[in-house]
Protein chains: 2
Amino acid sequence: MKYANTKERILNSALDFFSVNGYSGASIRQIAKSIGIRESAIYNHYKSKEEIFLAILSQFKDKTISGEVISDELLDEAVYPEIFFSKLAKRLFDHWGKPDEKKFLRLLLMEQFTKIGNKELSTSDYLKEILKVCAVIFGEMSKNGVIKKSDPALLAFEFCAPVFLIRTEYLAEEDSGIRREAAEKINAHVSFFWNAVRLK
Amino acid sequence: MKYANTKERILNSALDFFSVNGYSGASIRQIAKSIGIRESAIYNHYKSKEEIFLAILSQFKDKTISGEVISDELLDEAVYPEIFFSKLAKRLFDHWGKPDEKKFLRLLLMEQFTKIGNKELSTSDYLKEILKVCAVIFGEMSKNGVIKKSDPALLAFEFCAPVFLIRTEYLAEEDSGIRREAAEKINAHVSFFWNAVRLK
DNA sequence: CATCTAAATGAACGCTCGTTAATATAGCGA
DNA sequence: TCGCTATATTAACGAGCGTTCATTTAGATG
């Protein structure tokens, strides 16, 4: 029998398993079985397990976060910084909580130190883009006198780092109770940040 | 031939391999070989690979961070908050950078989502103790009018989270150039935090 | 010195791993 | 309709895995 999208379905399933069992804990047979084919069929699409891993990485490397997190209506709110920060933090948190992004984040955390992952995966790199975007926005806000003048890159880091840590703390399970707890932490962080950067 | 400390040396070597290859990527044979014994000899000391893993976890669970990071001379400086924050941040960063602590941190990040690790490992739990200690200290400082009044637990999180993220970003390699880069980030964070909590 | 025991060895087990090769089959273009 | 190509299956490979077991050895105890 022939199937459609096999190549893509391999990638999806591989991400599922890699992000829970780790690269070396996941097996080709497991991945094949989960999409209803034999392990040898995998090799019609990828020449090795490592190639599947690298394909996942390059798929996520091409993704850009800005479009997913920053929108025009959001930017319009930058004149009301308190609301803006709150929305931005929530968006960021939710972005990292999207099913595939969550899986990739787990993979990043798991494989960033391994032989196979340490060349391609680093938390700094992963955060680089969003930090840059935030720095630009915060820089504009200082210039426009909406918040204190300060190093935009530092502001970006101080805004994003706690959000990122909260996200990684809740990367495992996520029932509605947990989500509320995380949302409260995000709110508290935003209020701290806002108090730190507001004009007196 | 007979060796001394075999049980302990197994644990050390296991931590080395687990923290780089992950639990399932490391093998009993590899661990045995690295300490100069055969794999079967391991089983005179631990009844399974899983037991070695759990022994590592319980070894670190018993460790207390407060004594390693907080000292009396450090607390004496709490009256000069800017210096105090700077020293505390450095101590925290250095603590997480101690060879064994670094290995454990990598293990934590790698295994917190896996079948074997997800019951025993969580970033929140790992940070819980230091957050509590910091909260007490910061609470005292607000009460003594050395810094702004604010939720001590929030202050502790805002202080520690960026330090922790910086640490995890530099958990892989660490040459002297990298260490200087990290130190600068820590300084920048401390200055942001200090500006956020200082009295006006 | 003889004995006991803890700790090592060497060989083997059943299993799973990633990968390959030979073969079958489905669907599309000529 | 025929044959080509992409995609699947079945079977097998060598290697490494965790673990067990019978045996040897070294060092402490009497």
# chains A, B, ... in the order shown; residues from 1 in each chain; ligands from 1
call {"tool": "interface_residues", "arguments": {"of": "chain D", "to": "chain B", "cutoff": "8 Å", "atoms": "only C-alpha atoms (C1' of nucleotides)", "output": "MDAnalysis selection string"}}
result
chainID D and resid 17:18 25:26
call {"tool": "residues_around", "arguments": {"residues": "segment 79-82 of chain A", "least_positions_apart": "2", "cutoff": "9 Å", "atoms": "only C-alpha atoms (C1' of nucleotides)", "output": "PyMOL selection string"}}
result
chain A and resi 75-77+84-87+141+144+146-147+190-191+194+198
call {"tool": "write_last_selection", "arguments": {"atoms": "C-alpha atoms", "output": "mmCIF file, in the first residue's frame"}}
result
data_model
loop_
_atom_site.group_PDB
_atom_site.id
_atom_site.type_symbol
_atom_site.label_atom_id
_atom_site.label_comp_id
_atom_site.auth_asym_id
_atom_site.auth_seq_id
_atom_site.Cartn_x
_atom_site.Cartn_y
_atom_site.Cartn_z
ATOM 1 C CA LEU A 75 2.379 47.058 18.429
ATOM 2 C CA ASP A 76 -0.403 49.620 18.409
ATOM 3 C CA GLU A 77 -0.692 49.077 22.135
ATOM 4 C CA PHE A 84 1.506 45.992 26.021
ATOM 5 C CA PHE A 85 3.943 44.181 28.306
ATOM 6 C CA SER A 86 1.194 42.020 29.658
ATOM 7 C CA LYS A 87 0.011 41.010 26.220
ATOM 8 C CA MET A 141 9.592 52.842 23.596
ATOM 9 C CA ASN A 144 9.348 57.794 22.620
ATOM 10 C CA VAL A 146 7.019 55.640 27.159
ATOM 11 C CA ILE A 147 9.473 53.865 29.433
ATOM 12 C CA VAL A 190 5.111 41.707 34.162
ATOM 13 C CA SER A 191 4.205 43.856 37.132
ATOM 14 C CA TRP A 194 6.672 47.398 34.515
ATOM 15 C CA ARG A 198 8.059 52.969 34.157
#
call {"tool": "closest_residue", "arguments": {"among": "A:Lys103, A:Arg179, A:Lys132, A:Lys33", "to": "chain B", "atoms": "only C-alpha atoms"}}
result
A:Lys103
call {"tool": "interface_residues", "arguments": {"of": "chain C", "to": "chain B", "cutoff": "9 Å", "atoms": "only C-alpha atoms (C1' of nucleotides)", "output": "ChimeraX atom specification"}}
result
/C:6-9
call {"tool": "write_last_selection", "arguments": {"atoms": "C-alpha atoms (C1' of nucleotides)", "output": "mmCIF file, in the first residue's frame"}}
result
data_model
loop_
_atom_site.group_PDB
_atom_site.id
_atom_site.type_symbol
_atom_site.label_atom_id
_atom_site.label_comp_id
_atom_site.auth_asym_id
_atom_site.auth_seq_id
_atom_site.Cartn_x
_atom_site.Cartn_y
_atom_site.Cartn_z
ATOM 1 C "C1'" DA C 6 33.541 -9.055 49.125
ATOM 2 C "C1'" DA C 7 34.689 -7.864 44.639
ATOM 3 C "C1'" DA C 8 36.496 -8.936 40.414
ATOM 4 C "C1'" DT C 9 36.458 -11.728 35.772
#
call {"tool": "atom_distance", "arguments": {"atom1": "atom CA of Glu158 of chain A", "atom2": "atom CA of Ser19 of chain B"}}
result
28.5 Å
call {"tool": "calpha_fit_and_write", "arguments": {"fixed": "chain B", "moving": "chain A", "output": "PDB file with C-alpha atoms, in the first residue's frame"}}
result
ATOM      1  CA  MET A   1      42.246  -7.371  41.808  1.00  0.00           C
ATOM      2  CA  LYS A   2      40.261  -5.304  44.255  1.00  0.00           C
ATOM      3  CA  TYR A   3      39.651  -1.618  44.133  1.00  0.00           C
ATOM      4  CA  ALA A   4      38.607   0.910  46.716  1.00  0.00           C
ATOM      5  CA  ASN A   5      35.652   3.290  46.374  1.00  0.00           C
ATOM      6  CA  THR A   6      34.272   1.368  43.443  1.00  0.00           C
ATOM      7  CA  LYS A   7      30.715   2.219  44.361  1.00  0.00           C
ATOM      8  CA  GLU A   8      31.514   5.905  44.483  1.00  0.00           C
ATOM      9  CA  ARG A   9      33.586   5.814  41.331  1.00  0.00           C
ATOM     10  CA  ILE A  10      30.711   4.194  39.466  1.00  0.00           C
ATOM     11  CA  LEU A  11      28.482   7.052  40.545  1.00  0.00           C
ATOM     12  CA  ASN A  12      30.957   9.683  39.430  1.00  0.00           C
ATOM     13  CA  SER A  13      31.550   8.108  36.079  1.00  0.00           C
ATOM     14  CA  ALA A  14      27.854   7.504  35.540  1.00  0.00           C
ATOM     15  CA  LEU A  15      27.192  11.177  36.183  1.00  0.00           C
ATOM     16  CA  ASP A  16      29.847  12.054  33.627  1.00  0.00           C
ATOM     17  CA  PHE A  17      28.250   9.955  30.939  1.00  0.00           C
ATOM     18  CA  PHE A  18      24.612  10.538  31.826  1.00  0.00           C
ATOM     19  CA  SER A  19      25.153  14.288  31.776  1.00  0.00           C
ATOM     20  CA  VAL A  20      26.566  14.246  28.275  1.00  0.00           C
ATOM     21  CA  ASN A  21      24.893  11.330  26.522  1.00  0.00           C
ATOM     22  CA  GLY A  22      21.708  11.200  28.529  1.00  0.00           C
ATOM     23  CA  TYR A  23      20.531   8.217  30.508  1.00  0.00           C
ATOM     24  CA  SER A  24      19.687   6.035  27.547  1.00  0.00           C
ATOM     25  CA  GLY A  25      22.674   7.197  25.534  1.00  0.00           C
ATOM     26  CA  ALA A  26      25.126   6.114  28.207  1.00  0.00           C
ATOM     27  CA  SER A  27      25.958   2.463  28.653  1.00  0.00           C
ATOM     28  CA  ILE A  28      26.963   0.294  31.569  1.00  0.00           C
ATOM     29  CA  ARG A  29      29.950  -0.992  29.582  1.00  0.00           C
ATOM     30  CA  GLN A  30      31.136   2.559  28.948  1.00  0.00           C
ATOM     31  CA  ILE A  31      30.895   3.451  32.617  1.00  0.00           C
ATOM     32  CA  ALA A  32      32.643   0.252  33.710  1.00  0.00           C
ATOM     33  CA  LYS A  33      35.432   0.668  31.186  1.00  0.00           C
ATOM     34  CA  SER A  34      36.117   4.242  32.257  1.00  0.00           C
ATOM     35  CA  ILE A  35      36.857   3.134  35.810  1.00  0.00           C
ATOM     36  CA  GLY A  36      38.811   0.056  34.748  1.00  0.00           C
ATOM     37  CA  ILE A  37      36.418  -2.745  35.594  1.00  0.00           C
ATOM     38  CA  ARG A  38      34.157  -5.086  33.625  1.00  0.00           C
ATOM     39  CA  GLU A  39      30.486  -4.312  33.234  1.00  0.00           C
ATOM     40  CA  SER A  40      29.435  -7.308  35.318  1.00  0.00           C
ATOM     41  CA  ALA A  41      31.352  -5.952  38.303  1.00  0.00           C
ATOM     42  CA  ILE A  42      28.995  -3.008  38.357  1.00  0.00           C
ATOM     43  CA  TYR A  43      26.236  -5.343  39.503  1.00  0.00           C
ATOM     44  CA  ASN A  44      28.054  -6.108  42.726  1.00  0.00           C
ATOM     45  CA  HIS A  45      27.325  -2.501  43.697  1.00  0.00           C
ATOM     46  CA  TYR A  46      24.073  -1.578  41.987  1.00  0.00           C
ATOM     47  CA  LYS A  47      21.367  -3.942  40.912  1.00  0.00           C
ATOM     48  CA  SER A  48      20.520  -2.085  37.715  1.00  0.00           C
ATOM     49  CA  LYS A  49      21.314   0.913  35.548  1.00  0.00           C
ATOM     50  CA  GLU A  50      18.194   2.598  36.883  1.00  0.00           C
ATOM     51  CA  GLU A  51      19.433   2.196  40.450  1.00  0.00           C
ATOM     52  CA  ILE A  52      22.616   4.041  39.541  1.00  0.00           C
ATOM     53  CA  PHE A  53      20.543   6.843  38.075  1.00  0.00           C
ATOM     54  CA  LEU A  54      18.377   7.054  41.168  1.00  0.00           C
ATOM     55  CA  ALA A  55      21.433   6.969  43.408  1.00  0.00           C
ATOM     56  CA  ILE A  56      22.768  10.026  41.609  1.00  0.00           C
ATOM     57  CA  LEU A  57      19.488  11.827  42.073  1.00  0.00           C
ATOM     58  CA  SER A  58      19.252  11.065  45.761  1.00  0.00           C
ATOM     59  CA  GLN A  59      22.844  12.149  46.268  1.00  0.00           C
ATOM     60  CA  PHE A  60      21.983  15.570  44.890  1.00  0.00           C
ATOM     61  CA  LYS A  61      18.630  15.731  46.612  1.00  0.00           C
ATOM     62  CA  ASP A  62      20.417  15.606  49.961  1.00  0.00           C
ATOM     63  CA  LYS A  63      22.707  18.477  49.076  1.00  0.00           C
ATOM     64  CA  THR A  64      21.701  21.869  50.380  1.00  0.00           C
ATOM     65  CA  ILE A  65      22.530  24.952  48.414  1.00  0.00           C
ATOM     66  CA  SER A  66      22.270  27.544  51.173  1.00  0.00           C
ATOM     67  CA  GLY A  67      25.519  26.594  52.839  1.00  0.00           C
ATOM     68  CA  GLU A  68      27.335  26.617  49.521  1.00  0.00           C
ATOM     69  CA  VAL A  69      26.102  30.008  48.404  1.00  0.00           C
ATOM     70  CA  ILE A  70      25.161  31.996  51.482  1.00  0.00           C
ATOM     71  CA  SER A  71      27.840  32.767  54.017  1.00  0.00           C
ATOM     72  CA  ASP A  72      27.929  35.008  57.065  1.00  0.00           C
ATOM     73  CA  GLU A  73      30.289  37.537  55.510  1.00  0.00           C
ATOM     74  CA  LEU A  74      27.980  37.705  52.525  1.00  0.00           C
ATOM     75  CA  LEU A  75      24.982  38.390  54.754  1.00  0.00           C
ATOM     76  CA  ASP A  76      26.922  41.097  56.547  1.00  0.00           C
ATOM     77  CA  GLU A  77      26.986  42.975  53.271  1.00  0.00           C
ATOM     78  CA  ALA A  78      23.215  42.976  52.986  1.00  0.00           C
ATOM     79  CA  VAL A  79      23.278  46.515  54.351  1.00  0.00           C
ATOM     80  CA  TYR A  80      25.049  47.557  51.148  1.00  0.00           C
ATOM     81  CA  PRO A  81      22.505  46.059  48.817  1.00  0.00           C
ATOM     82  CA  GLU A  82      24.183  46.857  45.512  1.00  0.00           C
ATOM     83  CA  ILE A  83      27.377  45.081  46.510  1.00  0.00           C
ATOM     84  CA  PHE A  84      25.373  42.327  48.131  1.00  0.00           C
ATOM     85  CA  PHE A  85      23.330  41.626  45.004  1.00  0.00           C
ATOM     86  CA  SER A  86      26.430  41.571  42.894  1.00  0.00           C
ATOM     87  CA  LYS A  87      28.178  39.107  45.155  1.00  0.00           C
ATOM     88  CA  LEU A  88      25.119  36.947  45.572  1.00  0.00           C
ATOM     89  CA  ALA A  89      24.600  36.712  41.826  1.00  0.00           C
ATOM     90  CA  LYS A  90      28.220  35.770  41.270  1.00  0.00           C
ATOM     91  CA  ARG A  91      28.089  33.155  44.007  1.00  0.00           C
ATOM     92  CA  LEU A  92      24.957  31.676  42.570  1.00  0.00           C
ATOM     93  CA  PHE A  93      26.423  31.583  39.099  1.00  0.00           C
ATOM     94  CA  ASP A  94      29.632  30.026  40.358  1.00  0.00           C
ATOM     95  CA  HIS A  95      27.771  27.479  42.429  1.00  0.00           C
ATOM     96  CA  TRP A  96      25.860  26.259  39.403  1.00  0.00           C
ATOM     97  CA  GLY A  97      29.176  26.215  37.573  1.00  0.00           C
ATOM     98  CA  LYS A  98      30.945  23.822  39.947  1.00  0.00           C
ATOM     99  CA  PRO A  99      31.891  20.689  37.994  1.00  0.00           C
ATOM    100  CA  ASP A 100      29.466  18.311  39.667  1.00  0.00           C
ATOM    101  CA  GLU A 101      26.659  20.821  39.921  1.00  0.00           C
ATOM    102  CA  LYS A 102      27.040  21.576  36.234  1.00  0.00           C
ATOM    103  CA  LYS A 103      26.798  17.914  35.392  1.00  0.00           C
ATOM    104  CA  PHE A 104      23.726  17.523  37.528  1.00  0.00           C
ATOM    105  CA  LEU A 105      22.149  20.551  35.910  1.00  0.00           C
ATOM    106  CA  ARG A 106      22.723  19.115  32.464  1.00  0.00           C
ATOM    107  CA  LEU A 107      21.226  15.846  33.649  1.00  0.00           C
ATOM    108  CA  LEU A 108      18.238  17.717  35.055  1.00  0.00           C
ATOM    109  CA  LEU A 109      17.638  19.532  31.785  1.00  0.00           C
ATOM    110  CA  MET A 110      18.075  16.385  29.717  1.00  0.00           C
ATOM    111  CA  GLU A 111      16.038  13.933  31.758  1.00  0.00           C
ATOM    112  CA  GLN A 112      13.261  16.054  33.243  1.00  0.00           C
ATOM    113  CA  PHE A 113      10.890  14.958  30.473  1.00  0.00           C
ATOM    114  CA  THR A 114      11.901  11.330  30.042  1.00  0.00           C
ATOM    115  CA  LYS A 115      10.139   8.279  31.361  1.00  0.00           C
ATOM    116  CA  ILE A 116      12.851   7.677  33.928  1.00  0.00           C
ATOM    117  CA  GLY A 117      13.493  11.267  34.966  1.00  0.00           C
ATOM    118  CA  ASN A 118      10.145  13.010  34.930  1.00  0.00           C
ATOM    119  CA  LYS A 119       9.069  11.670  38.312  1.00  0.00           C
ATOM    120  CA  GLU A 120      12.144  12.803  40.178  1.00  0.00           C
ATOM    121  CA  LEU A 121      13.461  15.763  38.245  1.00  0.00           C
ATOM    122  CA  SER A 122      11.963  19.197  37.882  1.00  0.00           C
ATOM    123  CA  THR A 123      13.501  22.598  37.417  1.00  0.00           C
ATOM    124  CA  SER A 124      11.004  24.132  39.825  1.00  0.00           C
ATOM    125  CA  ASP A 125      12.010  21.734  42.562  1.00  0.00           C
ATOM    126  CA  TYR A 126      15.658  22.341  41.871  1.00  0.00           C
ATOM    127  CA  LEU A 127      15.203  26.093  42.280  1.00  0.00           C
ATOM    128  CA  LYS A 128      12.772  25.901  45.173  1.00  0.00           C
ATOM    129  CA  GLU A 129      15.353  25.978  47.952  1.00  0.00           C
ATOM    130  CA  ILE A 130      17.426  28.873  46.717  1.00  0.00           C
ATOM    131  CA  LEU A 131      14.268  30.835  45.919  1.00  0.00           C
ATOM    132  CA  LYS A 132      13.074  30.331  49.459  1.00  0.00           C
ATOM    133  CA  VAL A 133      16.382  31.428  50.941  1.00  0.00           C
ATOM    134  CA  CYS A 134      16.551  34.499  48.742  1.00  0.00           C
ATOM    135  CA  ALA A 135      12.952  35.363  49.576  1.00  0.00           C
ATOM    136  CA  VAL A 136      13.791  35.371  53.283  1.00  0.00           C
ATOM    137  CA  ILE A 137      16.816  37.590  52.749  1.00  0.00           C
ATOM    138  CA  PHE A 138      14.993  39.991  50.433  1.00  0.00           C
ATOM    139  CA  GLY A 139      12.073  40.086  52.843  1.00  0.00           C
ATOM    140  CA  GLU A 140      14.426  41.160  55.619  1.00  0.00           C
ATOM    141  CA  MET A 141      15.967  43.780  53.385  1.00  0.00           C
ATOM    142  CA  SER A 142      12.577  45.317  52.586  1.00  0.00           C
ATOM    143  CA  LYS A 143      11.648  45.284  56.235  1.00  0.00           C
ATOM    144  CA  ASN A 144      14.907  47.009  57.125  1.00  0.00           C
ATOM    145  CA  GLY A 145      14.278  49.657  54.506  1.00  0.00           C
ATOM    146  CA  VAL A 146      17.293  48.728  52.432  1.00  0.00           C
ATOM    147  CA  ILE A 147      15.225  48.043  49.335  1.00  0.00           C
ATOM    148  CA  LYS A 148      11.666  48.722  48.203  1.00  0.00           C
ATOM    149  CA  LYS A 149       8.794  46.869  49.747  1.00  0.00           C
ATOM    150  CA  SER A 150       7.607  44.142  47.412  1.00  0.00           C
ATOM    151  CA  ASP A 151       6.603  40.467  47.390  1.00  0.00           C
ATOM    152  CA  PRO A 152       9.792  38.686  48.557  1.00  0.00           C
ATOM    153  CA  ALA A 153       9.049  35.549  46.525  1.00  0.00           C
ATOM    154  CA  LEU A 154       8.667  37.635  43.388  1.00  0.00           C
ATOM    155  CA  LEU A 155      11.909  39.463  44.095  1.00  0.00           C
ATOM    156  CA  ALA A 156      13.671  36.158  44.589  1.00  0.00           C
ATOM    157  CA  PHE A 157      12.371  34.830  41.309  1.00  0.00           C
ATOM    158  CA  GLU A 158      13.254  37.978  39.398  1.00  0.00           C
ATOM    159  CA  PHE A 159      16.731  37.900  40.853  1.00  0.00           C
ATOM    160  CA  CYS A 160      17.422  34.211  40.302  1.00  0.00           C
ATOM    161  CA  ALA A 161      15.667  33.429  37.032  1.00  0.00           C
ATOM    162  CA  PRO A 162      17.948  35.461  34.770  1.00  0.00           C
ATOM    163  CA  VAL A 163      21.035  34.178  36.591  1.00  0.00           C
ATOM    164  CA  PHE A 164      19.805  30.647  36.080  1.00  0.00           C
ATOM    165  CA  LEU A 165      19.122  31.193  32.405  1.00  0.00           C
ATOM    166  CA  ILE A 166      22.546  32.732  31.860  1.00  0.00           C
ATOM    167  CA  ARG A 167      24.054  29.740  33.623  1.00  0.00           C
ATOM    168  CA  THR A 168      22.213  27.231  31.463  1.00  0.00           C
ATOM    169  CA  GLU A 169      23.258  29.132  28.350  1.00  0.00           C
ATOM    170  CA  TYR A 170      26.869  28.604  29.329  1.00  0.00           C
ATOM    171  CA  LEU A 171      26.537  25.081  30.577  1.00  0.00           C
ATOM    172  CA  ALA A 172      28.266  23.492  27.611  1.00  0.00           C
ATOM    173  CA  GLU A 173      31.790  24.768  27.145  1.00  0.00           C
ATOM    174  CA  GLU A 174      33.464  27.356  29.280  1.00  0.00           C
ATOM    175  CA  ASP A 175      36.699  28.997  28.232  1.00  0.00           C
ATOM    176  CA  SER A 176      37.854  32.230  29.836  1.00  0.00           C
ATOM    177  CA  GLY A 177      36.341  34.350  27.053  1.00  0.00           C
ATOM    178  CA  ILE A 178      32.964  32.748  27.603  1.00  0.00           C
ATOM    179  CA  ARG A 179      33.269  33.230  31.343  1.00  0.00           C
ATOM    180  CA  ARG A 180      33.931  36.938  30.923  1.00  0.00           C
ATOM    181  CA  GLU A 181      30.935  37.236  28.628  1.00  0.00           C
ATOM    182  CA  ALA A 182      28.729  35.518  31.193  1.00  0.00           C
ATOM    183  CA  ALA A 183      30.088  37.704  33.986  1.00  0.00           C
ATOM    184  CA  GLU A 184      29.149  40.801  32.018  1.00  0.00           C
ATOM    185  CA  LYS A 185      25.621  39.522  31.544  1.00  0.00           C
ATOM    186  CA  ILE A 186      25.394  38.851  35.265  1.00  0.00           C
ATOM    187  CA  ASN A 187      26.591  42.369  36.033  1.00  0.00           C
ATOM    188  CA  ALA A 188      24.061  43.873  33.666  1.00  0.00           C
ATOM    189  CA  HIS A 189      21.292  41.855  35.254  1.00  0.00           C
ATOM    190  CA  VAL A 190      22.338  42.898  38.744  1.00  0.00           C
ATOM    191  CA  SER A 191      22.311  46.534  37.727  1.00  0.00           C
ATOM    192  CA  PHE A 192      18.812  46.182  36.286  1.00  0.00           C
ATOM    193  CA  PHE A 193      17.612  44.437  39.416  1.00  0.00           C
ATOM    194  CA  TRP A 194      19.217  46.962  41.693  1.00  0.00           C
ATOM    195  CA  ASN A 195      17.580  49.833  39.851  1.00  0.00           C
ATOM    196  CA  ALA A 196      14.259  48.054  40.119  1.00  0.00           C
ATOM    197  CA  VAL A 197      14.368  47.589  43.886  1.00  0.00           C
ATOM    198  CA  ARG A 198      16.365  50.563  45.155  1.00  0.00           C
ATOM    199  CA  LEU A 199      14.661  53.243  47.175  1.00  0.00           C
ATOM    200  CA  LYS A 200      14.164  56.527  45.402  1.00  0.00           C
TER     201      LYS A 200
END
call {"tool": "residues_around", "arguments": {"residues": "DA30 of chain C", "least_positions_apart": "3", "cutoff": "12 Å", "atoms": "only C-alpha atoms (C1' of nucleotides)", "output": "list in words"}}
result
DT1, DC2, DG3 and DC4 of chain D
call {"tool": "select_by_dssp", "arguments": {"residues": "segment 8-180 of chain A", "states": "alpha helix (DSSP H)", "output": "ChimeraX atom specification"}}
result
/A:8-21,28-34,39-42,49-62,66-69,72-76,81-97,99-111,123-143,152-169,176-180
